[in-house]
>>> print(open('model_7.cif').read())   # mmCIF, C-alpha atoms and all ligand atoms
data_target
#
loop_
_atom_site.label_atom_id
_atom_site.label_comp_id
_atom_site.auth_asym_id
_atom_site.auth_seq_id
_atom_site.Cartn_x
_atom_site.Cartn_y
_atom_site.Cartn_z
CA MET A 1 5.53 -11.45 -5.92
CA ALA A 2 6.09 -8.40 -8.12
CA VAL A 3 4.69 -4.93 -8.73
CA TRP A 4 3.66 -3.80 -12.22
CA ASN A 5 3.62 -0.03 -12.48
CA LEU A 6 1.94 1.73 -15.42
CA GLY A 7 3.45 5.13 -14.74
CA SER A 8 4.89 8.39 -15.99
CA ILE A 9 8.56 9.05 -16.54
CA ASN A 10 9.55 12.72 -16.47
CA ILE A 11 12.69 14.73 -16.72
CA ASP A 12 12.44 16.92 -13.62
CA ASN A 13 13.91 20.42 -13.82
CA VAL A 14 14.13 21.54 -10.21
CA TYR A 15 14.59 25.23 -9.37
CA ARG A 16 15.20 26.31 -5.79
CA VAL A 17 13.54 29.73 -5.40
CA PRO A 18 13.10 32.18 -2.49
CA HIS A 19 9.32 31.89 -2.75
CA LEU A 20 6.82 30.40 -5.21
CA PRO A 21 6.35 32.74 -8.20
CA ALA A 22 3.20 34.84 -8.32
CA ALA A 23 1.26 35.44 -11.54
CA GLY A 24 3.34 37.58 -13.91
CA GLU A 25 6.42 37.47 -11.68
CA THR A 26 9.91 36.72 -13.02
CA LEU A 27 12.01 35.04 -10.40
CA ALA A 28 15.71 34.16 -10.26
CA ALA A 29 16.44 30.62 -9.07
CA MET A 30 19.16 30.11 -6.48
CA GLU A 31 19.92 26.58 -7.66
CA PHE A 32 19.03 24.31 -10.58
CA SER A 33 19.26 20.56 -11.00
CA GLN A 34 17.88 18.05 -13.47
CA GLY A 35 16.95 14.50 -12.55
CA LEU A 36 14.64 11.57 -12.95
CA GLY A 37 11.03 12.12 -11.92
CA GLY A 38 7.38 11.58 -12.73
CA LYS A 39 4.96 10.16 -10.19
CA GLY A 40 5.24 6.76 -11.84
CA ALA A 41 9.04 6.64 -11.97
CA ASN A 42 9.27 7.96 -8.41
CA MET A 43 7.02 5.14 -7.22
CA SER A 44 8.98 2.51 -9.15
CA VAL A 45 12.22 3.72 -7.57
CA ALA A 46 10.62 3.75 -4.11
CA ILE A 47 9.31 0.21 -4.64
CA ALA A 48 12.77 -1.00 -5.71
CA ARG A 49 14.42 0.78 -2.78
CA ALA A 50 11.92 -0.91 -0.49
CA ALA A 51 13.26 -4.26 -1.75
CA ALA A 52 10.29 -5.36 -3.85
CA ARG A 53 10.43 -6.47 -7.48
CA VAL A 54 9.02 -3.84 -9.82
CA ALA A 55 8.53 -3.61 -13.58
CA HIS A 56 7.79 -0.18 -15.05
CA ILE A 57 5.38 0.11 -17.98
CA GLY A 58 5.80 3.48 -19.72
CA ALA A 59 7.23 5.44 -22.61
CA VAL A 60 9.94 8.02 -23.27
CA GLY A 61 11.10 10.00 -26.28
CA PRO A 62 14.53 9.59 -27.88
CA GLU A 63 16.14 12.27 -25.68
CA GLY A 64 14.95 10.52 -22.55
CA LYS A 65 16.78 7.21 -22.93
CA TRP A 66 18.96 8.16 -19.96
CA THR A 67 15.89 8.07 -17.69
CA VAL A 68 15.37 4.41 -18.62
CA ASP A 69 19.04 3.64 -17.90
CA ARG A 70 18.71 5.32 -14.56
CA LEU A 71 15.59 3.39 -13.62
CA MET A 72 17.47 0.21 -14.51
CA GLU A 73 20.44 1.26 -12.36
CA TYR A 74 18.01 1.71 -9.48
CA GLY A 75 16.84 -1.89 -9.83
CA VAL A 76 13.65 -1.40 -11.85
CA ASP A 77 12.78 -3.84 -14.66
CA THR A 78 12.61 -1.47 -17.63
CA ARG A 79 11.83 -3.97 -20.39
CA PRO A 80 8.20 -2.74 -20.75
CA ILE A 81 9.31 0.87 -21.44
CA GLN A 82 8.87 1.97 -25.05
CA VAL A 83 11.27 4.47 -26.64
CA MET A 84 9.26 6.54 -29.15
CA THR A 85 10.61 8.72 -31.89
CA GLU A 86 7.40 10.67 -32.46
CA HIS A 87 6.94 12.02 -28.90
CA ALA A 88 9.19 13.93 -26.52
CA THR A 89 9.79 12.60 -23.02
CA GLY A 90 7.49 14.07 -20.39
CA HIS A 91 8.99 16.76 -18.23
CA ALA A 92 8.19 18.80 -15.13
CA ASN A 93 9.42 22.24 -14.18
CA ILE A 94 9.40 22.33 -10.40
CA ALA A 95 9.88 25.42 -8.25
CA VAL A 96 10.78 24.61 -4.65
CA ALA A 97 10.48 27.41 -2.07
CA GLU A 98 12.46 27.90 1.13
CA ASP A 99 9.70 26.28 3.21
CA GLY A 100 9.77 23.11 1.06
CA GLU A 101 6.50 23.83 -0.76
CA ASN A 102 6.46 23.43 -4.52
CA GLN A 103 4.76 24.45 -7.74
CA ILE A 104 4.88 22.11 -10.75
CA VAL A 105 4.25 22.63 -14.47
CA LEU A 106 3.89 19.31 -16.30
CA PHE A 107 4.29 18.39 -19.95
CA ALA A 108 2.98 14.85 -20.50
CA GLY A 109 4.69 14.04 -23.83
CA SER A 110 5.17 10.30 -24.37
CA ASN A 111 3.50 9.48 -21.03
CA ARG A 112 0.13 9.90 -22.74
CA ALA A 113 1.06 7.80 -25.80
CA ILE A 114 1.71 4.39 -24.25
CA SER A 115 0.36 1.65 -26.52
CA SER A 116 -2.21 -0.76 -25.13
CA SER A 117 -0.32 -3.66 -26.71
CA ALA A 118 2.77 -2.76 -24.64
CA VAL A 119 0.63 -2.79 -21.49
CA GLY A 120 -0.92 -6.13 -22.49
CA GLN A 121 2.45 -7.70 -23.25
CA ALA A 122 3.85 -6.61 -19.91
CA LEU A 123 0.87 -7.78 -17.86
CA ALA A 124 0.90 -11.13 -19.66
CA GLU A 125 4.02 -11.85 -17.57
CA ALA A 126 2.26 -11.05 -14.27
CA SER A 127 1.03 -13.73 -11.87
CA PRO A 128 -2.12 -13.77 -9.74
CA GLY A 129 -1.32 -12.18 -6.39
CA ASP A 130 1.10 -9.64 -7.91
CA THR A 131 0.30 -5.94 -7.57
CA PHE A 132 -0.63 -3.46 -10.29
CA ILE A 133 -0.31 0.26 -9.60
CA THR A 134 -1.03 3.32 -11.68
CA GLN A 135 -1.39 7.08 -11.23
CA ASN A 136 -3.03 9.80 -13.30
CA GLU A 137 -0.10 10.87 -15.50
CA THR A 138 -0.44 8.30 -18.31
CA ASN A 139 -3.06 7.19 -20.79
CA GLY A 140 -4.59 3.72 -20.60
CA GLN A 141 -5.17 3.53 -16.85
CA ARG A 142 -8.69 2.08 -16.97
CA GLU A 143 -7.95 -0.64 -19.52
CA ALA A 144 -4.80 -1.65 -17.66
CA ALA A 145 -6.56 -1.72 -14.28
CA GLU A 146 -9.37 -3.83 -15.71
CA MET A 147 -6.88 -6.26 -17.26
CA ALA A 148 -4.88 -6.46 -14.03
CA ARG A 149 -8.03 -7.17 -12.02
CA GLN A 150 -9.03 -9.94 -14.46
CA LEU A 151 -5.57 -11.48 -14.08
CA GLY A 152 -5.98 -11.62 -10.31
CA LEU A 153 -3.62 -8.78 -9.38
CA ARG A 154 -4.17 -6.43 -6.45
CA VAL A 155 -4.98 -3.08 -8.09
CA VAL A 156 -3.72 0.13 -6.47
CA TYR A 157 -4.62 3.61 -7.70
CA ALA A 158 -2.64 6.62 -6.54
CA ALA A 159 -5.12 9.28 -7.58
CA ALA A 160 -2.69 12.08 -8.47
CA PRO A 161 -2.78 14.51 -10.20
CA PHE A 162 -6.37 14.36 -9.03
CA ASP A 163 -9.28 14.15 -11.45
CA PRO A 164 -12.58 12.84 -10.06
CA ASP A 165 -13.57 11.47 -13.48
CA ALA A 166 -10.37 9.41 -13.68
CA VAL A 167 -11.07 7.97 -10.22
CA ARG A 168 -14.68 7.23 -11.14
CA GLU A 169 -13.53 5.22 -14.18
CA LEU A 170 -11.10 3.13 -12.18
CA LEU A 171 -13.23 2.56 -9.08
CA PRO A 172 -14.75 -0.79 -10.17
CA PHE A 173 -11.28 -2.35 -10.44
CA VAL A 174 -9.45 -0.82 -7.46
CA ASP A 175 -8.51 -2.68 -4.26
CA LEU A 176 -6.49 0.12 -2.64
CA LEU A 177 -7.01 3.84 -3.30
CA VAL A 178 -4.41 6.35 -2.08
CA LEU A 179 -5.27 10.05 -2.10
CA ASN A 180 -4.79 13.15 0.04
CA GLN A 181 -7.35 14.86 2.22
CA VAL A 182 -8.27 17.60 -0.25
CA GLU A 183 -8.68 14.99 -2.99
CA ALA A 184 -10.82 12.82 -0.69
CA GLU A 185 -13.11 15.80 -0.06
CA GLN A 186 -13.30 16.55 -3.79
CA LEU A 187 -14.08 12.92 -4.53
CA GLU A 188 -16.82 12.84 -1.90
CA ALA A 189 -18.34 15.97 -3.46
CA ALA A 190 -18.12 14.50 -6.98
CA LEU A 191 -19.55 11.09 -6.09
CA GLY A 192 -21.96 12.18 -3.38
CA LYS A 193 -20.73 9.62 -0.85
CA PRO A 194 -17.92 9.33 1.68
CA VAL A 195 -14.71 7.62 0.57
CA HIS A 196 -15.22 4.77 3.03
CA ALA A 197 -18.51 3.94 1.25
CA LEU A 198 -17.03 3.49 -2.24
CA GLY A 199 -16.91 -0.28 -1.98
CA ILE A 200 -13.09 -0.33 -2.12
CA GLU A 201 -11.26 -2.79 0.14
CA ASP A 202 -8.79 -0.22 1.50
CA VAL A 203 -8.51 3.56 1.22
CA VAL A 204 -5.51 5.50 2.54
CA VAL A 205 -5.97 9.25 2.95
CA THR A 206 -2.72 11.13 3.50
CA LEU A 207 -3.04 14.08 5.88
CA GLY A 208 0.31 15.89 5.47
CA SER A 209 1.68 16.83 8.88
CA ASP A 210 -1.11 14.80 10.54
CA GLY A 211 0.02 11.48 9.06
CA CYS A 212 -2.56 9.34 7.31
CA LEU A 213 -5.87 7.59 7.80
CA TRP A 214 -6.47 4.00 6.74
CA LEU A 215 -10.11 3.17 6.07
CA SER A 216 -10.55 -0.56 5.74
CA GLY A 217 -13.40 -2.23 3.89
CA SER A 218 -14.68 -3.63 7.18
CA GLY A 219 -15.38 -0.07 8.31
CA GLU A 220 -12.40 0.30 10.66
CA GLU A 221 -10.48 3.59 10.76
CA THR A 222 -6.81 3.65 11.77
CA HIS A 223 -4.86 6.87 12.19
CA VAL A 224 -1.10 6.65 11.64
CA PRO A 225 0.65 9.73 13.06
CA ALA A 226 3.23 11.67 11.04
CA ILE A 227 6.90 11.93 11.93
CA SER A 228 7.99 15.51 12.46
CA VAL A 229 10.91 16.68 10.28
CA THR A 230 12.16 20.02 8.99
CA PRO A 231 11.02 20.16 5.36
CA VAL A 232 13.50 20.90 2.58
CA ASP A 233 11.38 19.77 -0.39
CA THR A 234 8.01 18.03 -0.27
CA THR A 235 8.18 17.01 -3.97
CA GLY A 236 7.97 13.25 -4.39
CA ALA A 237 7.30 12.57 -0.70
CA GLY A 238 3.79 11.30 -1.47
CA ASP A 239 5.15 9.09 -4.26
CA THR A 240 7.77 7.70 -1.88
CA PHE A 241 5.07 7.00 0.72
CA THR A 242 2.88 5.17 -1.80
CA GLY A 243 5.78 3.23 -3.32
CA TYR A 244 6.91 2.02 0.11
CA LEU A 245 3.33 1.16 1.08
CA VAL A 246 2.81 -0.93 -2.04
CA ALA A 247 6.21 -2.60 -1.74
CA GLY A 248 5.50 -3.50 1.89
CA LEU A 249 2.13 -5.02 1.02
CA ASP A 250 3.58 -6.89 -1.96
CA ARG A 251 6.27 -8.31 0.33
CA GLY A 252 3.53 -9.62 2.63
CA MET A 253 3.50 -7.00 5.40
CA PRO A 254 0.23 -6.31 7.19
CA MET A 255 -1.26 -2.93 6.23
CA ARG A 256 -0.35 -1.22 9.52
CA GLN A 257 3.32 -2.27 9.28
CA ALA A 258 3.50 -1.17 5.64
CA LEU A 259 1.95 2.20 6.56
CA ASP A 260 4.51 2.72 9.35
CA LEU A 261 7.38 2.02 6.95
CA ALA A 262 5.84 4.26 4.28
CA THR A 263 5.47 7.07 6.84
CA GLN A 264 9.16 6.86 7.74
CA ALA A 265 10.19 6.81 4.06
CA GLY A 266 7.98 9.82 3.24
CA ALA A 267 9.32 11.79 6.21
CA LEU A 268 12.95 11.19 5.27
CA MET A 269 12.20 12.12 1.65
CA VAL A 270 10.86 15.53 2.76
CA THR A 271 14.34 16.37 4.11
CA ARG A 272 15.92 15.97 0.65
CA LEU A 273 15.93 18.21 -2.43
CA GLY A 274 14.97 16.36 -5.62
CA THR A 275 12.79 13.45 -6.69
CA ALA A 276 13.54 9.88 -7.82
CA ASP A 277 17.31 10.24 -7.46
CA VAL A 278 17.13 10.96 -3.74
CA ILE A 279 14.47 8.46 -2.60
CA PRO A 280 15.88 6.74 0.49
CA ASP A 281 16.55 3.01 0.67
CA LEU A 282 15.68 0.72 3.57
CA LYS A 283 19.11 1.07 5.20
CA GLU A 284 18.92 4.87 5.16
CA ILE A 285 15.48 4.72 6.74
CA GLU A 286 16.71 2.38 9.44
CA ASP A 287 19.79 4.56 10.11
CA ALA A 288 17.66 7.74 10.29
CA LYS A 289 15.74 6.28 13.28
CA LEU A 290 12.78 8.55 12.62
CA GLY A 291 10.22 6.76 14.71
O1 LIG A 301 5.07 13.95 -7.38
C1 LIG A 301 6.21 14.58 -7.88
C2 LIG A 301 6.30 14.40 -9.36
O2 LIG A 301 5.21 15.06 -9.99
C3 LIG A 301 7.53 15.00 -9.99
O3 LIG A 301 8.61 14.10 -10.05
C4 LIG A 301 7.05 15.50 -11.35
O4 LIG A 301 7.67 14.88 -12.43
C5 LIG A 301 5.55 15.30 -11.34
O5 LIG A 301 5.15 14.18 -12.04
#
>>> encode(input="model_7.cif", output="structure tokens")
Amino acid sequence: MAVWNLGSINIDNVYRVPHLPAAGETLAAMEFSQGLGGKGANMSVAIARAAARVAHIGAVGPEGKWTVDRLMEYGVDTRPIQVMTEHATGHANIAVAEDGENQIVLFAGSNRAISSSAVGQALAEASPGDTFITQNETNGQREAAEMARQLGLRVVYAAAPFDPDAVRELLPFVDLLVLNQVEAEQLEAALGKPVHALGIEDVVVTLGSDGCLWLSGSGEETHVPAISVTPVDTTGAGDTFTGYLVAGLDRGMPMRQALDLATQAGALMVTRLGTADVIPDLKEIEDAKLG
């Protein structure tokens, strides 16, 4: 099996700051680092580190070729990534406060210029039973999800950054929806029905320090408790969770086992500063003995 990820690739500029900046405030950073990021790239790296096959469908500008090399070094199939001359690579400026909370300013760049023919060419190599995943940082999500569904792939939507209209468009094609509690409430308000009544096979609602809730199509609710850690940086922890969840399912794990593994991966990720470059692998998770 394999995972096909239509996802963003960002250059992440990470600033460690004493507190998150207020409106109009100028703040000196205590530390700066630049690395690979983007919700899509983070998930691809997490999927590869969780020992599943993953191909990344995306686009970068000429100055971002190093991000493609890095994805490849991490074991991601990068053949479906376009290098464009007319768009800059997406980037994110991320402030991380002492308590691990963050504030992110995003510039989409080439992430919103992915050609539909590139998506079609990539998915033409997929097989029924493979997994397709996307998030809300690229263009072309609906068309790709529809195509993936027609090809017999399991379709996963990680609904972040959250936009109820984007979710509404993808709903008819989605088998597994992953979103956080605030997003679930916003979606319920926008659609006028609870998330467990959307007609989706599986919904996973992440609850931060309370773990997550799995709502299965058969109406069952399963709570998976969180693992308590001291947070250093919460950035990318949700992406790591989702990547590990999807990798586990693609490798044939039952949902509960995949959720347990994803919870451990997300918890370990919270103890690290940075994004794709510091996503833990299976061995590190095993050695950390988090629960
Ligand atoms: O979820 C974290 C990610 O959000 C960062 O890597 C940043 O690039 C933004 O896409």
>>> residues_near_ligand(input="model_7.cif", ligand="ligand LIG 301 (chain A)", cutoff="10 Å", atoms="all atoms listed in the file", output="ChimeraX atom specification")
/A:7-14,35-43,90-94,102-108,135-137,160-161,234-240,274-277
>>> closest_residue(input="model_7.cif", among="A:Ala29, A:Leu187, A:Leu282, A:Val195", to="Ala97 (chain A)", atoms="only C-alpha atoms")
A:Ala29
>>> residues_around(input="model_7.cif", residues="region 263-270 of chain A", least_positions_apart="2", cutoff="9 Å", atoms="all atoms listed in the file", output="VMD selection string")
chain A and resid 46 100 211 to 212 224 to 242 244 to 245 258 to 261 272 to 275 278 to 282 284 to 286 288 to 291
>>> atom_distance(input="model_7.cif", atom1="CA of Val204 (chain A)", atom2="CA of Leu177 (chain A)")
6.3 Å
>>> closest_residue(input="model_7.cif", among="A:Ala197, A:Ala190, A:Ala166, A:Ile81", to="Gly58 (chain A)", atoms="only C-alpha atoms")
A:Ile81
>>> residues_around(input="model_7.cif", residues="Gln82 (chain A)", least_positions_apart="6", cutoff="8 Å", atoms="all atoms listed in the file", output="NGL selection string")
:A and (58-60 or 114 or 118)
>>> residues_around(input="model_7.cif", residues="Val155 (chain A)", least_positions_apart="5", cutoff="8 Å", atoms="all atoms listed in the file", output="VMD selection string")
chain A and resid 131 to 133 145 148 to 149 173 to 176
>>> closest_residue(input="model_7.cif", among="A:Gly120, A:Gly243, A:Arg112, A:Met1", to="Tyr157 (chain A)", atoms="all atoms listed in the file")
A:Gly243
>>> residues_around(input="model_7.cif", residues="Ala55 (chain A)", least_positions_apart="4", cutoff="8 Å", atoms="only C-alpha atoms", output="ChimeraX atom specification")
/A:2-5,44,76-80
>>> write_last_selection(input="model_7.cif", atoms="C-alpha atoms", output="PDB file, in the coordinates of the input")
ATOM      1  CA  ALA A   2       6.090  -8.400  -8.120  1.00  0.00           C
ATOM      2  CA  VAL A   3       4.690  -4.930  -8.730  1.00  0.00           C
ATOM      3  CA  TRP A   4       3.660  -3.800 -12.220  1.00  0.00           C
ATOM      4  CA  ASN A   5       3.620  -0.030 -12.480  1.00  0.00           C
ATOM      5  CA  SER A  44       8.980   2.510  -9.150  1.00  0.00           C
ATOM      6  CA  VAL A  76      13.650  -1.400 -11.850  1.00  0.00           C
ATOM      7  CA  ASP A  77      12.780  -3.840 -14.660  1.00  0.00           C
ATOM      8  CA  THR A  78      12.610  -1.470 -17.630  1.00  0.00           C
ATOM      9  CA  ARG A  79      11.830  -3.970 -20.390  1.00  0.00           C
ATOM     10  CA  PRO A  80       8.200  -2.740 -20.750  1.00  0.00           C
TER      11      PRO A  80
END
>>> closest_residue(input="model_7.cif", among="A:Glu221, A:Glu63, A:Glu98, A:Asp69", to="Met84 (chain A)", atoms="all atoms listed in the file")
A:Glu63
>>> atom_distance(input="model_7.cif", atom1="CA of Val246 (chain A)", atom2="CA of Glu143 (chain A)")
20.5 Å
>>> atom_distance(input="model_7.cif", atom1="CA of Asp130 (chain A)", atom2="CA of Asp202 (chain A)")
16.6 Å
>>> closest_residue(input="model_7.cif", among="A:Val178, A:Met72, A:Val203, A:Ala184", to="Gly217 (chain A)", atoms="only C-alpha atoms")
A:Val203
>>> closest_residue(input="model_7.cif", among="A:Leu249, A:Glu201, A:Ala189, A:Ile57", to="Gln141 (chain A)", atoms="all atoms listed in the file")
A:Ile57
>>> decode(input="model_7.cif", residues="region 207-218 of chain A", atoms="N, CA and C atoms", output="mmCIF file, in the first residue's frame")
data_model
loop_
_atom_site.group_PDB
_atom_site.id
_atom_site.type_symbol
_atom_site.label_atom_id
_atom_site.label_comp_id
_atom_site.auth_asym_id
_atom_site.auth_seq_id
_atom_site.Cartn_x
_atom_site.Cartn_y
_atom_site.Cartn_z
ATOM 1 N N LEU A 207 -8.153 16.558 20.976
ATOM 2 C CA LEU A 207 -8.614 17.334 22.131
ATOM 3 C C LEU A 207 -7.456 17.938 22.922
ATOM 4 N N GLY A 208 -6.291 18.113 22.300
ATOM 5 C CA GLY A 208 -5.131 18.684 22.989
ATOM 6 C C GLY A 208 -4.727 17.808 24.165
ATOM 7 N N SER A 209 -4.683 18.410 25.361
ATOM 8 C CA SER A 209 -4.207 17.661 26.526
ATOM 9 C C SER A 209 -5.199 16.588 26.991
ATOM 10 N N ASP A 210 -6.351 16.496 26.342
ATOM 11 C CA ASP A 210 -7.319 15.439 26.677
ATOM 12 C C ASP A 210 -7.255 14.270 25.701
ATOM 13 N N GLY A 211 -6.320 14.285 24.770
ATOM 14 C CA GLY A 211 -6.196 13.157 23.845
ATOM 15 C C GLY A 211 -7.024 13.354 22.595
ATOM 16 N N CYS A 212 -7.768 12.345 22.224
ATOM 17 C CA CYS A 212 -8.623 12.485 21.035
ATOM 18 C C CYS A 212 -9.848 11.591 21.146
ATOM 19 N N LEU A 213 -10.805 11.881 20.290
ATOM 20 C CA LEU A 213 -12.067 11.141 20.264
ATOM 21 C C LEU A 213 -12.231 10.573 18.863
ATOM 22 N N TRP A 214 -12.476 9.276 18.794
ATOM 23 C CA TRP A 214 -12.726 8.632 17.500
ATOM 24 C C TRP A 214 -14.216 8.329 17.392
ATOM 25 N N LEU A 215 -14.854 8.919 16.406
ATOM 26 C CA LEU A 215 -16.279 8.688 16.177
ATOM 27 C C LEU A 215 -16.394 7.805 14.942
ATOM 28 N N SER A 216 -16.829 6.582 15.132
ATOM 29 C CA SER A 216 -16.896 5.677 13.978
ATOM 30 C C SER A 216 -18.263 5.776 13.327
ATOM 31 N N GLY A 217 -18.306 5.412 12.051
ATOM 32 C CA GLY A 217 -19.544 5.493 11.286
ATOM 33 C C GLY A 217 -20.679 4.708 11.923
ATOM 34 N N SER A 218 -20.316 3.657 12.682
ATOM 35 C CA SER A 218 -21.356 2.832 13.297
ATOM 36 C C SER A 218 -21.924 3.495 14.559
#
